[in-house]
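my_file-v7.cif follows; it contains mmCIF, C-alpha atoms and all ligand atoms.
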```
data_upload
loop_
_atom_site.label_atom_id
_atom_site.label_comp_id
_atom_site.auth_asym_id
_atom_site.auth_seq_id
_atom_site.Cartn_x
_atom_site.Cartn_y
_atom_site.Cartn_z
CA VAL J 1 0.00 0.00 0.00
CA LYS J 2 1.35 3.42 -0.94
CA ILE J 3 0.13 6.28 1.27
CA LEU J 4 0.51 10.00 0.60
CA LEU J 5 0.22 12.15 3.73
CA LEU J 6 -0.21 15.92 3.37
CA GLY J 7 0.34 18.34 6.27
CA LYS J 8 2.76 16.05 8.09
CA ASN J 9 3.82 18.61 10.68
CA GLY J 10 0.42 19.67 11.99
CA GLN J 11 -1.00 18.27 15.24
CA VAL J 12 -2.81 15.44 13.46
CA GLY J 13 -0.26 15.07 10.64
CA TRP J 14 2.54 14.47 13.13
CA GLU J 15 0.65 11.62 14.82
CA LEU J 16 -0.39 10.20 11.45
CA GLN J 17 3.28 9.84 10.52
CA ARG J 18 3.45 7.34 13.39
CA SER J 19 0.11 5.56 12.97
CA LEU J 20 0.25 5.21 9.16
CA ALA J 21 3.84 3.94 9.00
CA PRO J 22 2.95 0.27 9.66
CA LEU J 23 0.27 0.24 6.94
CA GLY J 24 2.64 0.50 3.99
CA GLU J 25 5.01 2.84 2.16
CA LEU J 26 4.42 6.32 3.55
CA ILE J 27 5.34 9.50 1.68
CA ALA J 28 4.78 12.42 4.04
CA LEU J 29 4.89 16.04 2.83
CA ASP J 30 4.46 19.53 4.20
CA SER J 31 3.90 22.87 2.52
CA LYS J 32 7.63 23.35 1.97
CA SER J 33 8.34 19.93 0.43
CA GLN J 34 10.14 20.30 -2.87
CA ALA J 35 10.90 16.86 -4.37
CA TYR J 36 7.14 16.41 -4.43
CA ARG J 37 5.23 19.62 -3.90
CA GLY J 38 3.09 19.55 -0.76
CA ASP J 39 1.65 23.08 -0.78
CA LEU J 40 -2.15 22.92 -0.87
CA ALA J 41 -2.27 26.49 -2.16
CA ASP J 42 -0.50 25.34 -5.35
CA LEU J 43 -3.34 23.42 -6.97
CA SER J 44 -1.50 22.33 -10.12
CA GLY J 45 1.57 21.30 -8.10
CA LEU J 46 -0.67 19.30 -5.79
CA ALA J 47 -2.35 17.47 -8.68
CA GLN J 48 1.07 16.72 -10.16
CA THR J 49 2.27 15.30 -6.83
CA VAL J 50 -0.66 12.89 -6.67
CA ARG J 51 -0.09 11.82 -10.29
CA ASP J 52 3.65 11.32 -9.76
CA ILE J 53 3.25 9.28 -6.57
CA ALA J 54 0.07 7.43 -7.63
CA PRO J 55 -0.84 6.49 -4.04
CA ASP J 56 -3.48 3.96 -2.97
CA VAL J 57 -4.46 6.21 -0.06
CA ILE J 58 -4.26 10.03 0.26
CA VAL J 59 -4.51 11.39 3.81
CA ASN J 60 -5.04 15.14 4.00
CA ALA J 61 -4.10 16.49 7.43
CA ALA J 62 -3.29 19.96 6.06
CA ALA J 63 -5.76 22.77 6.53
CA TYR J 64 -6.08 26.51 7.02
CA THR J 65 -6.84 26.35 10.76
CA ALA J 66 -6.48 30.01 11.82
CA VAL J 67 -10.17 30.41 12.66
CA ASP J 68 -10.15 34.13 13.44
CA LYS J 69 -7.80 35.08 10.59
CA ALA J 70 -10.03 33.24 8.11
CA GLU J 71 -12.70 35.93 8.61
CA THR J 72 -10.53 38.43 6.73
CA ASP J 73 -8.47 35.97 4.65
CA LEU J 74 -11.32 34.05 3.09
CA GLN J 75 -9.67 33.53 -0.27
CA GLN J 76 -6.66 31.70 1.16
CA ALA J 77 -8.82 29.72 3.61
CA ARG J 78 -11.06 28.62 0.74
CA LEU J 79 -8.10 27.71 -1.46
CA VAL J 80 -6.61 25.39 1.20
CA ASN J 81 -9.81 24.08 2.84
CA ALA J 82 -12.10 23.73 -0.19
CA GLU J 83 -10.29 24.00 -3.54
CA ALA J 84 -7.31 21.78 -2.60
CA PRO J 85 -9.55 18.97 -1.26
CA GLN J 86 -11.53 19.23 -4.52
CA VAL J 87 -8.32 18.68 -6.49
CA LEU J 88 -7.32 15.77 -4.23
CA ALA J 89 -10.77 14.22 -4.69
CA ARG J 90 -10.60 14.55 -8.48
CA GLU J 91 -7.16 12.94 -8.58
CA ALA J 92 -8.21 10.21 -6.12
CA LYS J 93 -11.22 9.39 -8.28
CA GLN J 94 -8.99 9.19 -11.35
CA LEU J 95 -6.57 6.83 -9.58
CA GLY J 96 -9.13 4.79 -7.67
CA ALA J 97 -7.43 5.91 -4.43
CA LEU J 98 -9.07 6.31 -1.01
CA LEU J 99 -9.09 9.95 0.21
CA VAL J 100 -9.05 10.55 3.96
CA HIS J 101 -9.92 14.07 5.10
CA TYR J 102 -10.67 15.93 8.35
CA SER J 103 -13.45 18.39 9.04
CA THR J 104 -15.00 20.10 12.02
CA ASP J 105 -18.09 20.55 14.17
CA TYR J 106 -17.90 24.21 12.99
CA VAL J 107 -19.99 23.12 9.97
CA PHE J 108 -22.95 23.14 12.40
CA PRO J 109 -24.81 26.19 13.74
CA GLY J 110 -23.75 25.33 17.31
CA ASP J 111 -27.15 25.75 18.97
CA GLY J 112 -29.07 23.29 21.16
CA GLN J 113 -27.66 20.69 23.53
CA ASP J 114 -27.82 17.45 21.59
CA PRO J 115 -24.73 15.88 20.05
CA TRP J 116 -24.69 16.52 16.30
CA GLN J 117 -25.37 13.53 14.04
CA GLU J 118 -23.84 13.10 10.59
CA THR J 119 -27.31 13.62 9.09
CA ASP J 120 -28.04 16.92 10.86
CA ALA J 121 -28.41 20.09 8.81
CA VAL J 122 -25.25 22.19 8.48
CA ALA J 123 -25.04 25.99 8.81
CA PRO J 124 -21.54 27.27 9.64
CA LEU J 125 -21.20 30.26 11.99
CA ASN J 126 -17.89 31.51 10.61
CA ALA J 127 -15.71 31.67 7.49
CA TYR J 128 -13.45 28.79 8.55
CA GLY J 129 -16.50 26.53 9.06
CA GLN J 130 -17.90 27.59 5.68
CA THR J 131 -14.68 26.71 3.83
CA LYS J 132 -14.38 23.37 5.68
CA LEU J 133 -17.97 22.57 4.67
CA GLU J 134 -17.19 23.39 1.04
CA GLY J 135 -14.23 20.99 1.25
CA GLU J 136 -16.45 18.16 2.52
CA GLN J 137 -19.02 18.82 -0.16
CA ALA J 138 -16.43 18.84 -2.95
CA ILE J 139 -15.13 15.44 -1.84
CA GLN J 140 -18.62 13.97 -1.60
CA ALA J 141 -19.60 15.35 -5.01
CA SER J 142 -16.48 13.94 -6.70
CA GLY J 143 -17.56 10.34 -6.30
CA CYS J 144 -14.11 9.26 -5.02
CA ALA J 145 -13.78 6.65 -2.25
CA HIS J 146 -13.43 8.68 0.93
CA LEU J 147 -13.44 8.88 4.69
CA ILE J 148 -14.25 12.29 6.17
CA PHE J 149 -13.85 12.66 9.93
CA ARG J 150 -15.46 15.66 11.62
CA THR J 151 -13.80 16.33 14.94
CA SER J 152 -13.62 19.02 17.65
CA TRP J 153 -11.22 20.75 20.07
CA VAL J 154 -8.05 19.03 18.81
CA TYR J 155 -4.96 19.00 21.03
CA ALA J 156 -1.55 17.35 20.84
CA ALA J 157 1.38 17.01 23.24
CA ARG J 158 3.63 18.60 20.62
CA GLY J 159 3.40 22.34 20.12
CA ASN J 160 1.06 24.71 21.91
CA ASN J 161 -2.28 23.61 23.25
CA PHE J 162 -5.05 24.79 25.57
CA ALA J 163 -3.75 22.75 28.53
CA LYS J 164 -0.25 24.25 28.27
CA THR J 165 -1.72 27.74 28.03
CA MET J 166 -3.86 27.17 31.15
CA LEU J 167 -0.85 25.84 33.08
CA LYS J 168 1.26 28.84 32.08
CA LEU J 169 -1.46 31.35 32.99
CA ALA J 170 -2.18 29.62 36.32
CA ARG J 171 1.50 29.94 37.22
CA GLU J 172 1.94 33.54 36.13
CA ARG J 173 -1.35 35.28 36.87
CA ASP J 174 -3.37 36.03 39.96
CA SER J 175 -6.69 35.08 38.39
CA LEU J 176 -7.94 33.06 35.46
CA ASN J 177 -11.33 33.22 33.76
CA VAL J 178 -12.47 30.60 31.28
CA ILE J 179 -15.56 30.27 29.10
CA ASN J 180 -18.16 27.94 30.60
CA ASP J 181 -20.95 28.00 28.02
CA GLN J 182 -19.26 26.20 25.11
CA PHE J 183 -19.43 22.41 25.25
CA GLY J 184 -17.52 19.71 23.41
CA ALA J 185 -14.91 16.99 23.80
CA PRO J 186 -11.15 17.64 23.65
CA THR J 187 -9.84 15.26 20.99
CA GLY J 188 -6.25 14.00 21.03
CA ALA J 189 -4.35 14.00 17.74
CA GLU J 190 -3.16 10.52 18.76
CA LEU J 191 -6.71 9.22 18.91
CA LEU J 192 -7.55 10.79 15.54
CA ALA J 193 -4.47 9.21 13.97
CA ASP J 194 -5.00 5.77 15.49
CA VAL J 195 -8.68 5.62 14.54
CA SER J 196 -7.79 6.85 11.03
CA ALA J 197 -5.29 4.02 10.56
CA HIS J 198 -7.83 1.46 11.75
CA ALA J 199 -10.57 2.87 9.51
CA ILE J 200 -8.28 2.98 6.47
CA ARG J 201 -7.47 -0.72 6.85
CA ALA J 202 -11.12 -1.62 7.30
CA THR J 203 -12.31 0.53 4.38
CA ARG J 204 -9.71 -0.91 2.03
CA LYS J 205 -11.16 -4.35 2.80
CA ASP J 206 -14.79 -3.23 2.61
CA ALA J 207 -15.44 -0.15 0.46
CA ARG J 208 -18.98 0.15 1.85
CA LEU J 209 -17.47 1.60 5.04
CA GLY J 210 -16.47 4.80 3.24
CA GLY J 211 -18.32 8.02 4.11
CA LEU J 212 -18.70 10.79 6.67
CA TYR J 213 -18.11 10.14 10.39
CA HIS J 214 -17.97 12.12 13.61
CA LEU J 215 -14.84 11.34 15.60
CA ALA J 216 -14.24 12.56 19.16
CA PRO J 217 -13.72 10.84 22.51
CA SER J 218 -16.64 9.98 24.80
CA GLY J 219 -18.06 12.41 27.33
CA GLU J 220 -18.29 16.20 27.18
CA THR J 221 -17.01 19.23 29.02
CA SER J 222 -16.81 23.03 28.86
CA TRP J 223 -13.54 24.96 28.43
CA TYR J 224 -13.97 25.97 32.09
CA ASP J 225 -14.19 22.38 33.37
CA TYR J 226 -11.42 21.33 30.96
CA ALA J 227 -9.17 24.03 32.48
CA ARG J 228 -10.08 22.94 36.01
CA PHE J 229 -9.30 19.32 35.13
CA VAL J 230 -5.88 20.35 33.79
CA LEU J 231 -5.01 22.41 36.88
CA ALA J 232 -6.23 19.67 39.25
CA GLN J 233 -3.97 17.17 37.52
CA ALA J 234 -1.03 19.56 37.77
CA GLN J 235 -1.70 20.16 41.48
CA ALA J 236 -1.86 16.39 42.07
CA ALA J 237 1.52 16.12 40.33
CA GLY J 238 2.96 18.66 42.79
CA ILE J 239 3.20 21.61 40.40
CA GLY J 240 2.96 24.96 42.20
CA LEU J 241 0.20 27.21 40.80
CA ARG J 242 -0.85 30.74 41.69
CA VAL J 243 -4.42 30.00 40.57
CA SER J 244 -5.72 26.65 41.80
CA SER J 245 -8.31 24.52 40.07
CA GLU J 246 -10.95 25.73 42.57
CA GLN J 247 -10.13 29.40 41.90
CA VAL J 248 -10.78 29.42 38.13
CA GLY J 249 -13.55 31.86 37.25
CA ALA J 250 -16.35 31.07 34.80
CA ILE J 251 -17.22 33.55 32.07
CA ALA J 252 -19.74 33.65 29.22
CA THR J 253 -18.73 33.61 25.54
CA GLU J 254 -20.08 37.17 25.24
CA SER J 255 -17.41 38.49 27.61
CA TYR J 256 -14.58 37.14 25.42
CA PRO J 257 -15.23 38.59 21.94
CA THR J 258 -13.32 37.11 18.98
CA PRO J 259 -13.45 38.00 15.25
CA ALA J 260 -14.99 34.60 14.39
CA LYS J 261 -18.13 33.39 16.16
CA ARG J 262 -17.70 30.11 18.09
CA PRO J 263 -20.43 27.48 18.46
CA LYS J 264 -21.75 26.83 21.98
CA ASN J 265 -22.64 23.24 21.16
CA SER J 266 -19.68 21.34 19.70
CA ARG J 267 -20.92 17.94 20.91
CA LEU J 268 -20.56 15.21 18.27
CA SER J 269 -22.42 11.91 18.27
CA THR J 270 -19.94 9.16 17.42
CA GLN J 271 -22.34 6.21 17.35
CA LYS J 272 -22.03 5.74 13.60
CA LEU J 273 -18.25 5.46 13.77
CA GLN J 274 -18.21 3.15 16.79
CA GLN J 275 -20.70 0.80 15.15
CA ALA J 276 -19.23 0.79 11.64
CA PHE J 277 -15.68 0.09 12.79
CA ALA J 278 -16.41 -1.82 16.04
CA LEU J 279 -14.48 0.78 18.01
CA ASN J 280 -14.69 1.93 21.58
CA LEU J 281 -13.93 5.62 22.08
CA PRO J 282 -12.38 6.38 25.49
CA GLN J 283 -13.52 9.20 27.78
CA TRP J 284 -11.87 12.54 26.92
CA GLN J 285 -10.13 12.69 30.32
CA GLN J 286 -8.00 9.66 29.46
CA GLY J 287 -6.18 11.30 26.56
CA VAL J 288 -5.85 14.67 28.29
CA ALA J 289 -4.39 13.04 31.44
CA ARG J 290 -1.89 11.15 29.29
CA MET J 291 -0.82 14.27 27.43
CA LEU J 292 -0.50 16.14 30.75
CA GLN J 293 1.66 13.42 32.21
CA GLU J 294 3.97 13.79 29.23
CA ILE J 295 4.26 17.57 29.48
CA LEU J 296 4.40 17.66 33.30
CA GLU J 297 7.26 15.16 33.36
CA THR J 298 9.33 17.56 31.30
CA THR J 299 8.26 20.56 33.43
CA THR J 300 9.23 19.18 36.86
N1 LIG J 401 -7.39 22.11 15.73
C1 LIG J 401 -8.67 21.91 16.00
O1 LIG J 401 -9.17 22.21 17.10
C2 LIG J 401 -9.57 21.24 14.98
C3 LIG J 401 -10.92 21.05 15.28
C4 LIG J 401 -11.74 20.41 14.35
C5 LIG J 401 -11.21 20.00 13.14
N2 LIG J 401 -9.90 20.20 12.86
C6 LIG J 401 -9.38 19.74 11.56
O2 LIG J 401 -8.43 18.71 11.80
C7 LIG J 401 -7.44 18.73 10.78
C8 LIG J 401 -6.05 18.77 11.36
O3 LIG J 401 -5.92 19.96 12.14
P1 LIG J 401 -4.72 20.22 13.14
O4 LIG J 401 -5.30 20.55 14.46
O5 LIG J 401 -3.71 19.14 13.02
O6 LIG J 401 -4.19 21.58 12.51
P2 LIG J 401 -2.76 22.28 12.62
O7 LIG J 401 -1.99 21.73 13.77
O8 LIG J 401 -3.02 23.73 12.51
O9 LIG J 401 -2.05 21.76 11.31
C9 LIG J 401 -2.46 22.15 10.05
C10 LIG J 401 -1.30 21.87 9.12
O10 LIG J 401 -1.71 22.29 7.81
C11 LIG J 401 -0.59 22.87 7.22
N3 LIG J 401 -0.93 23.80 6.15
C12 LIG J 401 -1.55 25.01 6.23
N4 LIG J 401 -1.60 25.56 5.01
C13 LIG J 401 -1.01 24.69 4.16
C14 LIG J 401 -0.74 24.69 2.77
N5 LIG J 401 -1.08 25.72 1.99
N6 LIG J 401 -0.11 23.62 2.25
C15 LIG J 401 0.26 22.58 3.01
N7 LIG J 401 0.06 22.53 4.33
C16 LIG J 401 -0.58 23.57 4.90
C17 LIG J 401 0.14 23.59 8.34
O11 LIG J 401 1.50 23.72 7.97
P3 LIG J 401 2.25 25.13 8.15
O12 LIG J 401 2.20 25.43 9.61
O13 LIG J 401 3.61 24.83 7.60
O14 LIG J 401 1.48 26.11 7.31
C18 LIG J 401 -0.02 22.62 9.48
O15 LIG J 401 1.05 21.70 9.54
C19 LIG J 401 -7.78 19.93 9.89
O16 LIG J 401 -8.52 19.47 8.78
C20 LIG J 401 -8.65 20.79 10.77
O17 LIG J 401 -9.53 21.59 10.01
C21 LIG J 401 -9.05 20.80 13.76
#
```
Starting from the coordinates I provided, produce the structure as structure tokens.
Amino acid sequence: VKILLLGKNGQVGWELQRSLAPLGELIALDSKSQAYRGDLADLSGLAQTVRDIAPDVIVNAAAYTAVDKAETDLQQARLVNAEAPQVLAREAKQLGALLVHYSTDYVFPGDGQDPWQETDAVAPLNAYGQTKLEGEQAIQASGCAHLIFRTSWVYAARGNNFAKTMLKLARERDSLNVINDQFGAPTGAELLADVSAHAIRATRKDARLGGLYHLAPSGETSWYDYARFVLAQAQAAGIGLRVSSEQVGAIATESYPTPAKRPKNSRLSTQKLQQAFALNLPQWQQGVARMLQEILETTT
């Protein structure tokens, strides 16, 4: 099996380098790759890369993920999140390759309390969500074999993440306020990568498994409770904090204005995925605790 991975240095791309390696020959590119061009903004270069490599599986972990910047940089966001996936889908169809792609709960309007199902009506609240939706739709319309995973609140041990930011602020500041009216599940890049590898194997054996799936761990939380969980774990590990888990303040979305609107309900129903691939998705705390252990070990 020949696998082409795009966006190899992102949170998810980095973990995919690990989880896809045992499946076959892996060619992993980023936007600066030259031997094969890996820049999603270069549509003809991208098509040429796929033709030159002729992979059995294309995994697209690259995306324009600057949610607030996308509001004023719509053209570039659309190029990377919608037009590039359309090119990948066209080339995948031509080759008979399986295209694996990631999307977001931001395709939904973010109201209500129920976890979103794959069949629920979409209505993005912001430009990023709109371009990600257009990407999904282009892949579906192409008729190529595909797996699209919508996920939420992605974190990874590598690079910056919400947990590291909360730890830093709790050490440096006298008070810390976190939004408590947005709900979702923090999703580890490791989990996304491992489930992707499993689903790719299964879908190559049974093409009927292809399609759109929601992928996030079990359970739900708010950013406020997520922050409190992180600080409680740090305290238990003996890390000195100026703001303890109990002292975190709760604030409403309205008191933290951002250029792009954020959905209050990011809950995703993952029943379809769990049933189709016979998978059990762990509680979100498991992955976050693991990531924290990794970063706290290097802090102490
Ligand atoms: N992060 C989240 O909370 C979240 C939530 C829901 C869904 N998702 C989706 O999950 C997927 C993976 O996201 P992530 O969290 O891993 O994002 P990430 O860490 O921001 O990584 C995105 C990667 O895409 C690359 N990229 C950007 N523009 C590119 C271009 N023109 N050509 C090639 N590569 C380009 C970036 O490389 P450079 O840095 O070199 O530009 C970066 O390595 C994306 O589809 C995203 O939309 C993410």
Would you mind listing, for every residue of chain J within 6 Å of ligand LIG 401 (chain J), the two atoms forming the shortest contact and the distance between them in Å to one decimal, using only C-alpha atoms and all ligand atoms, sorted by chain and ascending residue number, as a tab-separated table?
```
residue	atom	partner	partner_atom	distance
J:Gly7	CA	J:LIG401	N7	4.6
J:Asn9	CA	J:LIG401	O15	4.3
J:Gly10	CA	J:LIG401	O15	3.2
J:Gln11	CA	J:LIG401	O5	3.6
J:Val12	CA	J:LIG401	O5	3.8
J:Gly13	CA	J:LIG401	O5	5.8
J:Asp30	CA	J:LIG401	C15	5.3
J:Ser31	CA	J:LIG401	C15	3.7
J:Gly38	CA	J:LIG401	C15	5.6
J:Asp39	CA	J:LIG401	N6	3.5
J:Leu40	CA	J:LIG401	N6	3.8
J:Ala41	CA	J:LIG401	N5	4.4
J:Ala61	CA	J:LIG401	C8	4.9
J:Ala62	CA	J:LIG401	O10	3.3
J:Ala63	CA	J:LIG401	O10	4.3
J:Tyr64	CA	J:LIG401	C12	4.8
J:Thr65	CA	J:LIG401	O8	5.0
J:Val80	CA	J:LIG401	N5	5.6
J:Tyr102	CA	J:LIG401	O16	4.2
J:Ser103	CA	J:LIG401	C5	4.9
J:Thr104	CA	J:LIG401	C5	4.0
J:Thr151	CA	J:LIG401	C4	4.6
J:Ser152	CA	J:LIG401	C4	4.0
J:Trp153	CA	J:LIG401	O1	3.9
J:Val154	CA	J:LIG401	O1	3.8
```
Counting only C-alpha atoms, which residues of region 175-245 of chain J sit at most 8 Å from some atom of region 276-300 of chain J, and what is each one's closest atom pair with its distance in Å to one decimal, listed by chain and rising residue number, as CSV?
```
residue,atom,partner,partner_atom,distance
J:Ala185,CA,J:Trp284,CA,6.2
J:Pro186,CA,J:Trp284,CA,6.1
J:Thr187,CA,J:Trp284,CA,6.8
J:Gly188,CA,J:Gly287,CA,6.2
J:Leu191,CA,J:Gly287,CA,7.9
J:Ala199,CA,J:Phe277,CA,6.7
J:Ala202,CA,J:Phe277,CA,7.3
J:Leu209,CA,J:Ala276,CA,6.9
J:Ala216,CA,J:Leu281,CA,7.5
J:Pro217,CA,J:Trp284,CA,5.1
J:Ser218,CA,J:Gln283,CA,4.4
J:Gly219,CA,J:Gln283,CA,5.6
J:Glu220,CA,J:Trp284,CA,7.4
J:Val230,CA,J:Leu292,CA,7.5
J:Gln233,CA,J:Ala289,CA,7.4
J:Ala234,CA,J:Leu296,CA,7.3
J:Ala237,CA,J:Leu296,CA,7.8
J:Ile239,CA,J:Thr300,CA,7.4
```
### Glu190 (chain J) surroundings by only C-alpha atoms, 8 Å radius, close-in-sequence under 2 positions cut, as a count of residues only
8
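Counting all atoms listed in the file, the residue from J:Ala89, J:Ala77, J:Leu176, J:Ile3 that sits nearest to Lys132 (chain J) is J:Ala77.
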### Task
Have a look at J:Leu29, J:Val243, J:Ala47, J:Val122 and name the one nearest to Met166 (chain J); count all atoms listed in the file.
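Nearest to Met166 (chain J): J:Val243.
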### Message
Just want the 12 Å neighbourhood of Glu25 (chain J), counted on all atoms listed in the file, with same-chain residues fewer than 3 positions away dropped. Output as a ChimeraX atom specification.
### Response
/J:1-5,17,20-22,28,53-58
### Query
What is the CA of Ala170 (chain J)-CA of Lys69 (chain J) distance in Å, reported with one decimal?
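Between these atoms lies a distance of 26.9 Å.
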### Task
Could you please determine the separation between CA of Asn265 (chain J) and CA of Thr165 (chain J) in Å, to one decimal place?
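Computing the Euclidean distance for CA of Asn265 (chain J) and CA of Thr165 (chain J) yields 22.5 Å.
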### Selected residue, from J:Arg37, J:Arg208, J:His101, J:Lys32, that lies nearest to Phe149 (chain J) when counting only C-alpha atoms
J:His101
### Task
Would you work out the distance separating CA of Val100 (chain J) from CA of Gly210 (chain J), expressed in Å to one decimal?
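Straight-line distance from CA of Val100 (chain J) to CA of Gly210 (chain J) works out to 9.4 Å.
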### Task
Find the residues near region 248-254 of chain J: any atom within 8 Å, counting all atoms listed in the file, skip ones fewer than 3 places away on the same chain, and give them as a list in words.
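My list of contacting residues is Ser175, Leu176, Asn177, Val178, Ile179, Asn180, Asp181, Gln182, Tyr224, Ala227, Arg228, Val243, Ser244, Ser245 and Pro257 of chain J.
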### Message
So, with only C-alpha atoms as the atoms that count, which of J:Leu99, J:Leu273, J:Leu125, J:Leu88 lies closest to Arg150 (chain J)?
### Response
J:Leu273
Output region 89-96 of chain J as a short mmCIF file (atom, residue, chain, number, x, y, z; two decimals), in the frame of the given file, making sure all heavy atoms are there.
```cif
data_model
loop_
_atom_site.label_atom_id
_atom_site.label_comp_id
_atom_site.auth_asym_id
_atom_site.auth_seq_id
_atom_site.Cartn_x
_atom_site.Cartn_y
_atom_site.Cartn_z
N ALA J 89 -9.65 15.14 -4.42
CA ALA J 89 -10.77 14.22 -4.69
C ALA J 89 -10.81 13.84 -6.17
O ALA J 89 -11.01 12.67 -6.52
CB ALA J 89 -12.08 14.87 -4.26
N ARG J 90 -10.60 14.82 -7.03
CA ARG J 90 -10.60 14.55 -8.48
C ARG J 90 -9.49 13.58 -8.84
O ARG J 90 -9.70 12.60 -9.58
CB ARG J 90 -10.41 15.89 -9.21
CG ARG J 90 -10.51 15.82 -10.72
CD ARG J 90 -10.07 17.13 -11.35
NE ARG J 90 -8.63 17.30 -11.24
CZ ARG J 90 -8.02 18.48 -11.17
NH1 ARG J 90 -8.71 19.61 -11.18
NH2 ARG J 90 -6.70 18.56 -11.08
N GLU J 91 -8.30 13.81 -8.28
CA GLU J 91 -7.16 12.94 -8.58
C GLU J 91 -7.36 11.55 -7.96
O GLU J 91 -6.98 10.55 -8.56
CB GLU J 91 -5.85 13.58 -8.08
CG GLU J 91 -5.51 14.90 -8.75
CD GLU J 91 -5.34 14.78 -10.27
OE1 GLU J 91 -4.78 13.76 -10.74
OE2 GLU J 91 -5.77 15.70 -11.00
N ALA J 92 -7.95 11.50 -6.78
CA ALA J 92 -8.21 10.21 -6.12
C ALA J 92 -9.19 9.38 -6.95
O ALA J 92 -9.02 8.18 -7.15
CB ALA J 92 -8.78 10.43 -4.72
N LYS J 93 -10.21 10.06 -7.45
CA LYS J 93 -11.22 9.39 -8.28
C LYS J 93 -10.54 8.80 -9.54
O LYS J 93 -10.78 7.64 -9.91
CB LYS J 93 -12.29 10.42 -8.67
CG LYS J 93 -13.26 9.98 -9.72
CD LYS J 93 -14.42 9.23 -9.13
CE LYS J 93 -15.42 8.83 -10.20
NZ LYS J 93 -16.23 7.69 -9.82
N GLN J 94 -9.71 9.59 -10.15
CA GLN J 94 -8.99 9.19 -11.35
C GLN J 94 -8.12 7.95 -11.12
O GLN J 94 -8.06 7.05 -11.95
CB GLN J 94 -8.09 10.38 -11.76
CG GLN J 94 -7.48 10.30 -13.14
CD GLN J 94 -8.53 10.56 -14.21
OE1 GLN J 94 -9.51 11.26 -13.93
NE2 GLN J 94 -8.36 9.98 -15.37
N LEU J 95 -7.50 7.93 -9.92
CA LEU J 95 -6.57 6.83 -9.58
C LEU J 95 -7.26 5.63 -8.96
O LEU J 95 -6.65 4.58 -8.81
CB LEU J 95 -5.58 7.34 -8.51
CG LEU J 95 -4.36 8.11 -8.90
CD1 LEU J 95 -3.70 8.65 -7.63
CD2 LEU J 95 -3.38 7.21 -9.64
N GLY J 96 -8.48 5.83 -8.47
CA GLY J 96 -9.13 4.79 -7.67
C GLY J 96 -8.55 4.73 -6.27
O GLY J 96 -8.55 3.68 -5.62
#
```
